[in-house]
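J.: For reference, the structure I am asking about is given below.
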Protein chains: 2
Amino acid sequence: MTIIQHMSRIPLFEGLSADQHRDLGSIAIEKPYKRGSTIFTEGAPGTGFYVVVSGRVKIFKLSPDGKEQILHIFGPGEPFGEVPVFEGRNFPAHATALEPSVCLYFPRSAFIELIKSNPSLALAMLGILSRRLRAFTVLVDNLSLKEVPGRLAAHLLYLSETKDGTDSLELDISKGQLAALLGTIPETLSRILGRMVKQGLIESVGPRVKLLDRQGLEDLAQGVRRL
Amino acid sequence: MTIIQHMSRIPLFEGLSADQHRDLGSIAIEKPYKRGSTIFTEGAPGTGFYVVVSGRVKIFKLSPDGKEQILHIFGPGEPFGEVPVFEGRNFPAHATALEPSVCLYFPRSAFIELIKSNPSLALAMLGILSRRLRAFTVLVDNLSLKEVPGRLAAHLLYLSETKDGTDSLELDISKGQLAALLGTIPETLSRILGRMVKQGLIESVGPRVKLLDRQGLEDLAQGVRRL
DNA sequence: ATTTGGACATGACATAAGTCAAGAGTTTTC
DNA sequence: GAAAACTCTTGACTTATGTCATGTCCAAAT
């Protein structure tokens, strides 16, 4: 696929004309990443932003002793690393590829120009940042006001939703990474999965999970019930 | 002060002309709030956003059993409640006045129109949302990767920065609210303040705090040291 | 085929921080 | 000015979750 063909598949650019897609394509730079390779590092100056073309990318914070908190996982079509574009500072977190991935890189200045002459692009970007702010409120709520079983239950229900409501789902990241996403460590996640199984809330075989008691999971997610 | 005079004091509207300030002033609605009164509630449909004129406003999440996590505290000139404006859904959190406050309310549609014809306004808003995203990455980092003493140390150092580096500072919110901001409870905050005093890191009398060992506090904030 | 390494699970243990309860000190209210 | 209502502090106790160590299973590498 050519770079220009990618453009039309990026929701952020939906409101733009074919000409503008061409313009964007001409400023975009295609970058491949191996699994686990660094895309950018917290604190590095951000001179542009990225869009995932294929693969998946995680955005995360790191503690001095190496514990990781994943903030987002982005897939095809999703932009990331925009904060410094509009704020003119450094990246607030790290980004690495979860799988072999390809991204498009858009340098800051050309993109800002395009926004100035395209209200719909500006509004689309405002929509994206707003959705991301909402996602953060959920993350903070989970970390601060829920215990790990509640976070896990909420995540499982969320996964089920994205697969329009099936009870059989597959964890799409390793359990270690899931722990980092939920703000805990693999040992704790493992134990809690075990307890959920013992209580008949789920079945769990490797990465496959089957939801057996939706109501129970919802009660957990809302903090009404405890494991 | 007239509403139009307020406009020129709002950083978000800096790039606009006097005419545009007048236009904005004509769509803005002035709303007074008593201390502790609700401005909006999580889940309520958002049909516009607010700007603080005077006083202070907290944005927070609530757990089922009433524990509170403060996400932001906003003062004069700062906008809040914009997420639903650009995303078209409900407020993702609660907002109440920390003190007697006055806010301006801007209905969604008129504001969107203004953005469409004003790239500088769009960019200013993108800058604000980006800064807020950065603030959230810090909050998540604190909640997930730091212990309470580290969060408190970081907050004290931050307060000192905003008062350009003095060692003598005054907590500008009640200790109960500070606990909610740091993601803990008043009892824990109280104990940790006590330990910091005993270790000679700070002096603490009522709401007055004096930083005695900046390096020690920084080490705590970075997780290098423990209390 | 053997080895190496990673992912995951599980047990024993440590600890940060929450819960519950009581009391001191302030501020508000009538 | 007494009473009521808060706010904050402190102590005793509980608990969720992190730490450390060990073992298994499976996949990749040699």
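To be explicit about the labels: the chains of the structure tokens are called A, B, and onward in the order shown, and within each one the residues are counted from 1, while ligands get numbers from 1 in the order they are shown.
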Taking a cut-off of 12 Å and counting only C-alpha atoms (C1' of nucleotides), can you build a table that, for each residue of chain A near chain D, reports the nearest atom pair and how far apart they are in Å (one decimal), sorted by chain then residue number, as a tab-separated table?
T.:
residue	atom	partner	partner_atom	distance
A:Lys67	CA	D:DG18	C1'	11.5
A:Lys146	CA	D:DA16	C1'	11.3
A:Glu147	CA	D:DA16	C1'	8.1
A:Val148	CA	D:DT17	C1'	8.8
A:Pro149	CA	D:DA16	C1'	10.5
A:Gly183	CA	D:DT17	C1'	11.2
A:Thr184	CA	D:DT17	C1'	8.4
A:Ile185	CA	D:DG18	C1'	8.1
A:Pro186	CA	D:DG18	C1'	10.6
A:Glu187	CA	D:DG18	C1'	9.1
A:Thr188	CA	D:DT17	C1'	7.1
A:Leu189	CA	D:DT17	C1'	10.3
A:Arg191	CA	D:DT17	C1'	10.8
A:Ile192	CA	D:DT17	C1'	10.9
A:Gly206	CA	D:DC25	C1'	11.6
A:Arg226	CA	D:DA16	C1'	11.4
A:Leu227	CA	D:DA16	C1'	11.2
J.: Keeping only C-alpha atoms, write those residues as a PDB file, in the first residue's frame.
T.:
ATOM      1  CA  LYS A  67       8.076  -1.171  37.222  1.00  0.00           C
ATOM      2  CA  LYS A 146     -10.647   0.143  42.665  1.00  0.00           C
ATOM      3  CA  GLU A 147      -8.748  -2.880  43.808  1.00  0.00           C
ATOM      4  CA  VAL A 148      -6.996  -5.142  41.372  1.00  0.00           C
ATOM      5  CA  PRO A 149      -9.877  -7.648  41.079  1.00  0.00           C
ATOM      6  CA  GLY A 183      -1.215  -1.242  37.504  1.00  0.00           C
ATOM      7  CA  THR A 184      -0.086  -4.409  39.238  1.00  0.00           C
ATOM      8  CA  ILE A 185       2.513  -7.184  38.887  1.00  0.00           C
ATOM      9  CA  PRO A 186       2.262 -10.587  37.181  1.00  0.00           C
ATOM     10  CA  GLU A 187       2.151 -12.548  40.456  1.00  0.00           C
ATOM     11  CA  THR A 188      -0.853 -10.642  41.716  1.00  0.00           C
ATOM     12  CA  LEU A 189      -2.649 -10.922  38.389  1.00  0.00           C
ATOM     13  CA  ARG A 191      -3.445 -15.115  41.819  1.00  0.00           C
ATOM     14  CA  ILE A 192      -6.525 -13.060  41.096  1.00  0.00           C
ATOM     15  CA  GLY A 206      -3.716 -19.843  28.822  1.00  0.00           C
ATOM     16  CA  ARG A 226     -15.218  -8.279  46.663  1.00  0.00           C
ATOM     17  CA  LEU A 227     -13.378 -11.410  45.680  1.00  0.00           C
TER      18      LEU A 227
END
J.: When the cut-off is 9 Å and we count only C-alpha atoms, which residues of chain A are near chain B, given as a VMD selection string?
T.: chain A and resid 60 to 65 67 to 69 71 82 to 88 91 to 93 112 115 to 120 122 to 141 143 to 146 183 to 184 222 to 224
J.: What is the distance, in Å and to one decimal place, between CA of Asp19 (chain B) and CA of Leu104 (chain B)?
T.: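 Separation between CA of Asp19 (chain B) and CA of Leu104 (chain B): 18.1 Å.
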J.: How would chain B read as a PDB file with C-alpha atoms, in the first residue's frame once least-squares superposed on chain A using all paired C-alpha atoms?
T.:
ATOM      1  CA  MET B   1       0.058  -0.011  -0.015  1.00  0.00           C
ATOM      2  CA  THR B   2       1.305   3.498  -0.768  1.00  0.00           C
ATOM      3  CA  ILE B   3       1.539   6.126   1.907  1.00  0.00           C
ATOM      4  CA  ILE B   4      -1.314   8.058   0.336  1.00  0.00           C
ATOM      5  CA  GLN B   5      -3.552   5.038   0.488  1.00  0.00           C
ATOM      6  CA  HIS B   6      -2.831   4.824   4.199  1.00  0.00           C
ATOM      7  CA  MET B   7      -4.084   8.372   4.670  1.00  0.00           C
ATOM      8  CA  SER B   8      -7.659   7.596   3.798  1.00  0.00           C
ATOM      9  CA  ARG B   9      -7.701   4.850   6.406  1.00  0.00           C
ATOM     10  CA  ILE B  10      -6.795   7.131   9.270  1.00  0.00           C
ATOM     11  CA  PRO B  11      -9.941   8.366  11.048  1.00  0.00           C
ATOM     12  CA  LEU B  12      -8.190  11.565  12.080  1.00  0.00           C
ATOM     13  CA  PHE B  13      -7.849  12.514   8.409  1.00  0.00           C
ATOM     14  CA  GLU B  14     -11.334  11.535   7.329  1.00  0.00           C
ATOM     15  CA  GLY B  15     -12.596  15.042   6.783  1.00  0.00           C
ATOM     16  CA  LEU B  16      -9.798  15.884   4.375  1.00  0.00           C
ATOM     17  CA  SER B  17      -9.835  15.938   0.579  1.00  0.00           C
ATOM     18  CA  ALA B  18      -7.799  13.655  -1.664  1.00  0.00           C
ATOM     19  CA  ASP B  19      -5.469  16.576  -2.357  1.00  0.00           C
ATOM     20  CA  GLN B  20      -4.876  17.043   1.319  1.00  0.00           C
ATOM     21  CA  HIS B  21      -4.234  13.360   1.729  1.00  0.00           C
ATOM     22  CA  ARG B  22      -1.601  13.711  -0.929  1.00  0.00           C
ATOM     23  CA  ASP B  23      -0.075  16.698   0.864  1.00  0.00           C
ATOM     24  CA  LEU B  24      -0.016  14.792   4.129  1.00  0.00           C
ATOM     25  CA  GLY B  25       1.436  11.772   2.381  1.00  0.00           C
ATOM     26  CA  SER B  26       4.248  13.857   1.052  1.00  0.00           C
ATOM     27  CA  ILE B  27       5.307  15.028   4.508  1.00  0.00           C
ATOM     28  CA  ALA B  28       4.827  11.667   6.224  1.00  0.00           C
ATOM     29  CA  ILE B  29       7.767   9.380   6.846  1.00  0.00           C
ATOM     30  CA  GLU B  30       7.224   5.639   7.105  1.00  0.00           C
ATOM     31  CA  LYS B  31       9.045   3.995  10.001  1.00  0.00           C
ATOM     32  CA  PRO B  32       9.248   0.279  10.766  1.00  0.00           C
ATOM     33  CA  TYR B  33       9.843  -1.007  14.289  1.00  0.00           C
ATOM     34  CA  LYS B  34      10.815  -4.416  15.541  1.00  0.00           C
ATOM     35  CA  ARG B  35       8.975  -5.989  18.436  1.00  0.00           C
ATOM     36  CA  GLY B  36      10.132  -4.336  21.629  1.00  0.00           C
ATOM     37  CA  SER B  37      12.007  -1.511  19.986  1.00  0.00           C
ATOM     38  CA  THR B  38      11.791   2.026  21.291  1.00  0.00           C
ATOM     39  CA  ILE B  39       9.820   4.610  19.322  1.00  0.00           C
ATOM     40  CA  PHE B  40      10.468   7.459  21.702  1.00  0.00           C
ATOM     41  CA  THR B  41      11.528   7.962  25.274  1.00  0.00           C
ATOM     42  CA  GLU B  42      10.033  10.064  28.030  1.00  0.00           C
ATOM     43  CA  GLY B  43      11.756  13.418  28.130  1.00  0.00           C
ATOM     44  CA  ALA B  44      12.937  13.384  24.519  1.00  0.00           C
ATOM     45  CA  PRO B  45      11.973  16.498  22.553  1.00  0.00           C
ATOM     46  CA  GLY B  46       8.947  15.855  20.389  1.00  0.00           C
ATOM     47  CA  THR B  47       9.124  17.346  16.931  1.00  0.00           C
ATOM     48  CA  GLY B  48       6.229  15.459  15.414  1.00  0.00           C
ATOM     49  CA  PHE B  49       3.681  12.776  16.056  1.00  0.00           C
ATOM     50  CA  TYR B  50       2.984   9.248  14.841  1.00  0.00           C
ATOM     51  CA  VAL B  51       0.151   7.176  13.467  1.00  0.00           C
ATOM     52  CA  VAL B  52       0.132   3.398  13.721  1.00  0.00           C
ATOM     53  CA  VAL B  53      -0.205   1.779  10.308  1.00  0.00           C
ATOM     54  CA  SER B  54       0.192  -1.835  11.393  1.00  0.00           C
ATOM     55  CA  GLY B  55       1.071  -3.607  14.603  1.00  0.00           C
ATOM     56  CA  ARG B  56       0.577  -2.251  18.106  1.00  0.00           C
ATOM     57  CA  VAL B  57       2.317   0.315  20.240  1.00  0.00           C
ATOM     58  CA  LYS B  58       2.294   0.834  23.992  1.00  0.00           C
ATOM     59  CA  ILE B  59       2.693   4.156  25.779  1.00  0.00           C
ATOM     60  CA  PHE B  60       3.997   3.755  29.318  1.00  0.00           C
ATOM     61  CA  LYS B  61       5.661   5.212  32.376  1.00  0.00           C
ATOM     62  CA  LEU B  62       8.583   3.612  34.169  1.00  0.00           C
ATOM     63  CA  SER B  63       9.509   3.758  37.847  1.00  0.00           C
ATOM     64  CA  PRO B  64      13.167   4.031  38.894  1.00  0.00           C
ATOM     65  CA  ASP B  65      13.211   0.342  39.815  1.00  0.00           C
ATOM     66  CA  GLY B  66      11.762  -0.706  36.496  1.00  0.00           C
ATOM     67  CA  LYS B  67       8.074  -1.199  37.204  1.00  0.00           C
ATOM     68  CA  GLU B  68       5.971  -0.271  34.230  1.00  0.00           C
ATOM     69  CA  GLN B  69       2.568   1.349  34.019  1.00  0.00           C
ATOM     70  CA  ILE B  70       0.982   1.195  30.590  1.00  0.00           C
ATOM     71  CA  LEU B  71      -1.090   4.276  29.753  1.00  0.00           C
ATOM     72  CA  HIS B  72      -2.417   3.281  26.339  1.00  0.00           C
ATOM     73  CA  ILE B  73      -2.109   0.594  23.716  1.00  0.00           C
ATOM     74  CA  PHE B  74      -2.671   1.861  20.198  1.00  0.00           C
ATOM     75  CA  GLY B  75      -3.409  -0.050  17.021  1.00  0.00           C
ATOM     76  CA  PRO B  76      -3.782   0.713  13.310  1.00  0.00           C
ATOM     77  CA  GLY B  77      -5.180   4.134  12.484  1.00  0.00           C
ATOM     78  CA  GLU B  78      -4.519   5.659  15.899  1.00  0.00           C
ATOM     79  CA  PRO B  79      -2.260   8.658  16.406  1.00  0.00           C
ATOM     80  CA  PHE B  80       0.120   8.959  19.340  1.00  0.00           C
ATOM     81  CA  GLY B  81       2.817  11.273  20.626  1.00  0.00           C
ATOM     82  CA  GLU B  82       0.802  14.420  19.854  1.00  0.00           C
ATOM     83  CA  VAL B  83       1.192  16.137  23.207  1.00  0.00           C
ATOM     84  CA  PRO B  84       4.509  17.866  22.393  1.00  0.00           C
ATOM     85  CA  VAL B  85       3.157  18.943  19.002  1.00  0.00           C
ATOM     86  CA  PHE B  86       0.651  21.288  20.593  1.00  0.00           C
ATOM     87  CA  GLU B  87       2.461  22.016  23.796  1.00  0.00           C
ATOM     88  CA  GLY B  88       5.995  22.276  22.506  1.00  0.00           C
ATOM     89  CA  ARG B  89       7.806  20.253  25.105  1.00  0.00           C
ATOM     90  CA  ASN B  90       9.042  16.734  25.615  1.00  0.00           C
ATOM     91  CA  PHE B  91       7.290  13.416  25.363  1.00  0.00           C
ATOM     92  CA  PRO B  92       5.548  12.767  28.669  1.00  0.00           C
ATOM     93  CA  ALA B  93       6.010   8.977  28.445  1.00  0.00           C
ATOM     94  CA  HIS B  94       7.794   6.163  26.618  1.00  0.00           C
ATOM     95  CA  ALA B  95       6.574   4.432  23.465  1.00  0.00           C
ATOM     96  CA  THR B  96       7.657   1.005  22.226  1.00  0.00           C
ATOM     97  CA  ALA B  97       6.305  -1.457  19.695  1.00  0.00           C
ATOM     98  CA  LEU B  98       4.459  -4.436  21.196  1.00  0.00           C
ATOM     99  CA  GLU B  99       4.793  -6.285  17.882  1.00  0.00           C
ATOM    100  CA  PRO B 100       6.561  -5.699  14.599  1.00  0.00           C
ATOM    101  CA  SER B 101       4.907  -2.433  13.605  1.00  0.00           C
ATOM    102  CA  VAL B 102       4.919   0.295  11.007  1.00  0.00           C
ATOM    103  CA  CYS B 103       4.178   3.898  11.883  1.00  0.00           C
ATOM    104  CA  LEU B 104       3.926   7.124   9.942  1.00  0.00           C
ATOM    105  CA  TYR B 105       5.749  10.098  11.350  1.00  0.00           C
ATOM    106  CA  PHE B 106       4.366  13.596  10.749  1.00  0.00           C
ATOM    107  CA  PRO B 107       6.705  16.512  11.448  1.00  0.00           C
ATOM    108  CA  ARG B 108       5.195  19.158  13.645  1.00  0.00           C
ATOM    109  CA  SER B 109       5.343  22.339  11.569  1.00  0.00           C
ATOM    110  CA  ALA B 110       3.764  21.015   8.384  1.00  0.00           C
ATOM    111  CA  PHE B 111       0.977  19.508  10.418  1.00  0.00           C
ATOM    112  CA  ILE B 112       0.304  22.713  12.324  1.00  0.00           C
ATOM    113  CA  GLU B 113      -0.002  24.564   9.026  1.00  0.00           C
ATOM    114  CA  LEU B 114      -2.531  22.050   7.801  1.00  0.00           C
ATOM    115  CA  ILE B 115      -4.565  22.464  10.970  1.00  0.00           C
ATOM    116  CA  LYS B 116      -4.613  26.203  10.584  1.00  0.00           C
ATOM    117  CA  SER B 117      -6.328  25.932   7.243  1.00  0.00           C
ATOM    118  CA  ASN B 118      -8.537  22.984   8.114  1.00  0.00           C
ATOM    119  CA  PRO B 119     -11.073  23.429  10.864  1.00  0.00           C
ATOM    120  CA  SER B 120     -12.331  19.890  10.422  1.00  0.00           C
ATOM    121  CA  LEU B 121      -8.862  18.526  11.061  1.00  0.00           C
ATOM    122  CA  ALA B 122      -8.585  20.693  14.151  1.00  0.00           C
ATOM    123  CA  LEU B 123     -11.912  19.460  15.439  1.00  0.00           C
ATOM    124  CA  ALA B 124     -11.001  15.851  14.715  1.00  0.00           C
ATOM    125  CA  MET B 125      -7.801  16.268  16.710  1.00  0.00           C
ATOM    126  CA  LEU B 126      -9.695  17.954  19.551  1.00  0.00           C
ATOM    127  CA  GLY B 127     -12.030  14.976  19.535  1.00  0.00           C
ATOM    128  CA  ILE B 128      -9.128  12.560  19.782  1.00  0.00           C
ATOM    129  CA  LEU B 129      -7.474  14.384  22.655  1.00  0.00           C
ATOM    130  CA  SER B 130     -10.804  14.626  24.444  1.00  0.00           C
ATOM    131  CA  ARG B 131     -11.378  10.904  24.133  1.00  0.00           C
ATOM    132  CA  ARG B 132      -7.917  10.341  25.508  1.00  0.00           C
ATOM    133  CA  LEU B 133      -8.636  12.605  28.481  1.00  0.00           C
ATOM    134  CA  ARG B 134     -11.734  10.569  29.183  1.00  0.00           C
ATOM    135  CA  ALA B 135      -9.684   7.371  28.998  1.00  0.00           C
ATOM    136  CA  PHE B 136      -7.321   8.829  31.585  1.00  0.00           C
ATOM    137  CA  THR B 137     -10.138   9.641  33.985  1.00  0.00           C
ATOM    138  CA  VAL B 138     -11.115   5.974  33.780  1.00  0.00           C
ATOM    139  CA  LEU B 139      -7.542   4.848  34.371  1.00  0.00           C
ATOM    140  CA  VAL B 140      -7.145   7.106  37.396  1.00  0.00           C
ATOM    141  CA  ASP B 141     -10.468   5.936  38.755  1.00  0.00           C
ATOM    142  CA  ASN B 142      -9.322   2.341  38.395  1.00  0.00           C
ATOM    143  CA  LEU B 143      -5.916   2.892  39.952  1.00  0.00           C
ATOM    144  CA  SER B 144      -7.067   5.009  42.843  1.00  0.00           C
ATOM    145  CA  LEU B 145     -10.559   3.822  43.659  1.00  0.00           C
ATOM    146  CA  LYS B 146     -10.624   0.158  42.663  1.00  0.00           C
ATOM    147  CA  GLU B 147      -8.745  -2.874  43.804  1.00  0.00           C
ATOM    148  CA  VAL B 148      -6.979  -5.138  41.369  1.00  0.00           C
ATOM    149  CA  PRO B 149      -9.863  -7.642  41.078  1.00  0.00           C
ATOM    150  CA  GLY B 150     -12.165  -4.783  40.136  1.00  0.00           C
ATOM    151  CA  ARG B 151      -9.751  -3.522  37.509  1.00  0.00           C
ATOM    152  CA  LEU B 152      -9.365  -6.957  36.018  1.00  0.00           C
ATOM    153  CA  ALA B 153     -13.123  -7.532  35.963  1.00  0.00           C
ATOM    154  CA  ALA B 154     -13.622  -4.185  34.257  1.00  0.00           C
ATOM    155  CA  HIS B 155     -10.962  -5.044  31.699  1.00  0.00           C
ATOM    156  CA  LEU B 156     -12.488  -8.432  30.915  1.00  0.00           C
ATOM    157  CA  LEU B 157     -15.906  -6.862  30.445  1.00  0.00           C
ATOM    158  CA  TYR B 158     -14.357  -4.226  28.237  1.00  0.00           C
ATOM    159  CA  LEU B 159     -12.676  -6.860  26.085  1.00  0.00           C
ATOM    160  CA  SER B 160     -15.979  -8.649  25.761  1.00  0.00           C
ATOM    161  CA  GLU B 161     -17.650  -5.408  24.632  1.00  0.00           C
ATOM    162  CA  THR B 162     -15.098  -4.829  21.900  1.00  0.00           C
ATOM    163  CA  LYS B 163     -15.888  -8.310  20.622  1.00  0.00           C
ATOM    164  CA  ASP B 164     -19.539  -7.364  20.663  1.00  0.00           C
ATOM    165  CA  GLY B 165     -20.495  -9.162  23.760  1.00  0.00           C
ATOM    166  CA  THR B 166     -19.151 -12.682  23.390  1.00  0.00           C
ATOM    167  CA  ASP B 167     -18.368 -14.537  26.558  1.00  0.00           C
ATOM    168  CA  SER B 168     -15.336 -16.222  25.013  1.00  0.00           C
ATOM    169  CA  LEU B 169     -12.394 -13.947  24.668  1.00  0.00           C
ATOM    170  CA  GLU B 170      -8.696 -14.040  24.167  1.00  0.00           C
ATOM    171  CA  LEU B 171      -6.248 -11.845  26.037  1.00  0.00           C
ATOM    172  CA  ASP B 172      -4.543  -9.927  23.269  1.00  0.00           C
ATOM    173  CA  ILE B 173      -1.426  -9.125  25.285  1.00  0.00           C
ATOM    174  CA  SER B 174       0.817 -11.212  27.514  1.00  0.00           C
ATOM    175  CA  LYS B 175      -0.182 -11.535  31.139  1.00  0.00           C
ATOM    176  CA  GLY B 176       2.881  -9.617  32.146  1.00  0.00           C
ATOM    177  CA  GLN B 177       1.792  -6.720  29.977  1.00  0.00           C
ATOM    178  CA  LEU B 178      -1.769  -7.021  31.213  1.00  0.00           C
ATOM    179  CA  ALA B 179      -0.459  -6.664  34.745  1.00  0.00           C
ATOM    180  CA  ALA B 180       1.383  -3.499  33.712  1.00  0.00           C
ATOM    181  CA  LEU B 181      -1.787  -2.191  32.113  1.00  0.00           C
ATOM    182  CA  LEU B 182      -3.817  -2.818  35.270  1.00  0.00           C
ATOM    183  CA  GLY B 183      -1.201  -1.256  37.510  1.00  0.00           C
ATOM    184  CA  THR B 184      -0.039  -4.410  39.239  1.00  0.00           C
ATOM    185  CA  ILE B 185       2.538  -7.195  38.876  1.00  0.00           C
ATOM    186  CA  PRO B 186       2.287 -10.591  37.181  1.00  0.00           C
ATOM    187  CA  GLU B 187       2.187 -12.554  40.449  1.00  0.00           C
ATOM    188  CA  THR B 188      -0.825 -10.650  41.702  1.00  0.00           C
ATOM    189  CA  LEU B 189      -2.623 -10.920  38.385  1.00  0.00           C
ATOM    190  CA  SER B 190      -2.010 -14.639  38.335  1.00  0.00           C
ATOM    191  CA  ARG B 191      -3.430 -15.113  41.811  1.00  0.00           C
ATOM    192  CA  ILE B 192      -6.509 -13.057  41.109  1.00  0.00           C
ATOM    193  CA  LEU B 193      -7.259 -14.885  37.885  1.00  0.00           C
ATOM    194  CA  GLY B 194      -6.988 -18.046  39.966  1.00  0.00           C
ATOM    195  CA  ARG B 195      -9.444 -16.759  42.539  1.00  0.00           C
ATOM    196  CA  MET B 196     -11.898 -15.703  39.850  1.00  0.00           C
ATOM    197  CA  VAL B 197     -11.790 -19.215  38.421  1.00  0.00           C
ATOM    198  CA  LYS B 198     -12.265 -20.805  41.835  1.00  0.00           C
ATOM    199  CA  GLN B 199     -15.321 -18.632  42.439  1.00  0.00           C
ATOM    200  CA  GLY B 200     -16.854 -19.572  39.134  1.00  0.00           C
ATOM    201  CA  LEU B 201     -16.679 -16.107  37.643  1.00  0.00           C
ATOM    202  CA  ILE B 202     -14.561 -17.144  34.683  1.00  0.00           C
ATOM    203  CA  GLU B 203     -12.820 -20.032  32.999  1.00  0.00           C
ATOM    204  CA  SER B 204      -9.200 -19.443  32.133  1.00  0.00           C
ATOM    205  CA  VAL B 205      -6.884 -21.540  29.974  1.00  0.00           C
ATOM    206  CA  GLY B 206      -3.710 -19.860  28.818  1.00  0.00           C
ATOM    207  CA  PRO B 207      -4.738 -16.667  27.067  1.00  0.00           C
ATOM    208  CA  ARG B 208      -8.339 -17.813  26.620  1.00  0.00           C
ATOM    209  CA  VAL B 209     -10.924 -16.538  29.082  1.00  0.00           C
ATOM    210  CA  LYS B 210     -14.600 -17.362  29.222  1.00  0.00           C
ATOM    211  CA  LEU B 211     -16.960 -15.159  31.189  1.00  0.00           C
ATOM    212  CA  LEU B 212     -19.264 -17.318  33.288  1.00  0.00           C
ATOM    213  CA  ASP B 213     -20.851 -14.799  35.639  1.00  0.00           C
ATOM    214  CA  ARG B 214     -21.235 -11.400  34.011  1.00  0.00           C
ATOM    215  CA  GLN B 215     -23.209  -9.959  36.903  1.00  0.00           C
ATOM    216  CA  GLY B 216     -20.570 -11.046  39.378  1.00  0.00           C
ATOM    217  CA  LEU B 217     -17.868  -9.426  37.277  1.00  0.00           C
ATOM    218  CA  GLU B 218     -19.851  -6.221  36.995  1.00  0.00           C
ATOM    219  CA  ASP B 219     -20.357  -6.128  40.749  1.00  0.00           C
ATOM    220  CA  LEU B 220     -16.626  -6.558  41.199  1.00  0.00           C
ATOM    221  CA  ALA B 221     -15.844  -3.852  38.646  1.00  0.00           C
ATOM    222  CA  GLN B 222     -18.093  -1.433  40.463  1.00  0.00           C
ATOM    223  CA  GLY B 223     -16.711  -2.242  43.863  1.00  0.00           C
ATOM    224  CA  VAL B 224     -20.042  -3.553  45.084  1.00  0.00           C
ATOM    225  CA  ARG B 225     -18.604  -6.985  45.635  1.00  0.00           C
ATOM    226  CA  ARG B 226     -15.201  -8.275  46.650  1.00  0.00           C
ATOM    227  CA  LEU B 227     -13.387 -11.392  45.685  1.00  0.00           C
TER     228      LEU B 227
END
J.: Distance limit 12 Å, atoms considered: only C-alpha atoms (C1' of nucleotides). Which chain C residues sit that close to chain A? Return them as a ChimeraX atom specification.
T.: /C:6-11,18
J.: Store the residues picked out above in a file with N, CA and C atoms (P, O5', C5', C4', C3', O3' and C1' of nucleotides), as an mmCIF file, in the first residue's frame.
T.:
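The result, stored in result22.cif:
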data_model
loop_
_atom_site.group_PDB
_atom_site.id
_atom_site.type_symbol
_atom_site.label_atom_id
_atom_site.label_comp_id
_atom_site.auth_asym_id
_atom_site.auth_seq_id
_atom_site.Cartn_x
_atom_site.Cartn_y
_atom_site.Cartn_z
ATOM 1 P P DG C 6 15.483 -14.542 28.806
ATOM 2 O "O5'" DG C 6 13.898 -14.589 28.640
ATOM 3 C "C5'" DG C 6 13.347 -14.821 27.346
ATOM 4 C "C4'" DG C 6 11.922 -15.317 27.495
ATOM 5 C "C3'" DG C 6 11.092 -14.476 28.470
ATOM 6 O "O3'" DG C 6 9.856 -14.183 27.854
ATOM 7 C "C1'" DG C 6 11.005 -16.768 29.085
ATOM 8 P P DA C 7 8.860 -13.211 28.545
ATOM 9 O "O5'" DA C 7 7.708 -14.218 28.974
ATOM 10 C "C5'" DA C 7 7.090 -15.038 27.991
ATOM 11 C "C4'" DA C 7 6.033 -15.877 28.671
ATOM 12 C "C3'" DA C 7 5.166 -15.085 29.642
ATOM 13 O "O3'" DA C 7 3.822 -15.501 29.470
ATOM 14 C "C1'" DA C 7 6.222 -16.864 30.774
ATOM 15 P P DC C 8 2.658 -14.746 30.162
ATOM 16 O "O5'" DC C 8 2.351 -15.710 31.410
ATOM 17 C "C5'" DC C 8 2.069 -17.075 31.128
ATOM 18 C "C4'" DC C 8 2.122 -17.874 32.407
ATOM 19 C "C3'" DC C 8 1.320 -17.299 33.577
ATOM 20 O "O3'" DC C 8 0.223 -18.163 33.800
ATOM 21 C "C1'" DC C 8 3.422 -18.205 34.254
ATOM 22 P P DA C 9 -0.747 -17.948 34.992
ATOM 23 O "O5'" DA C 9 -0.091 -18.853 36.124
ATOM 24 C "C5'" DA C 9 0.095 -20.233 35.877
ATOM 25 C "C4'" DA C 9 0.509 -20.938 37.151
ATOM 26 C "C3'" DA C 9 -0.305 -20.577 38.390
ATOM 27 O "O3'" DA C 9 -0.551 -21.783 39.099
ATOM 28 C "C1'" DA C 9 1.990 -20.156 38.798
ATOM 29 P P DT C 10 -1.598 -21.853 40.265
ATOM 30 O "O5'" DT C 10 -0.664 -21.884 41.556
ATOM 31 C "C5'" DT C 10 0.413 -22.811 41.593
ATOM 32 C "C4'" DT C 10 1.247 -22.579 42.827
ATOM 33 C "C3'" DT C 10 0.468 -22.070 44.047
ATOM 34 O "O3'" DT C 10 0.826 -22.887 45.139
ATOM 35 C "C1'" DT C 10 2.394 -20.762 43.693
ATOM 36 P P DG C 11 -0.069 -22.888 46.474
ATOM 37 O "O5'" DG C 11 1.029 -22.631 47.599
ATOM 38 C "C5'" DG C 11 2.214 -23.425 47.603
ATOM 39 C "C4'" DG C 11 3.287 -22.735 48.419
ATOM 40 C "C3'" DG C 11 2.779 -22.132 49.728
ATOM 41 O "O3'" DG C 11 3.621 -22.562 50.798
ATOM 42 C "C1'" DG C 11 4.002 -20.523 48.476
ATOM 43 P P DG C 18 -4.371 4.506 51.661
ATOM 44 O "O5'" DG C 18 -5.670 3.773 52.245
ATOM 45 C "C5'" DG C 18 -6.153 2.626 51.550
ATOM 46 C "C4'" DG C 18 -6.937 1.738 52.497
ATOM 47 C "C3'" DG C 18 -8.056 2.458 53.240
ATOM 48 O "O3'" DG C 18 -9.269 1.724 53.153
ATOM 49 C "C1'" DG C 18 -6.622 1.365 54.783
#
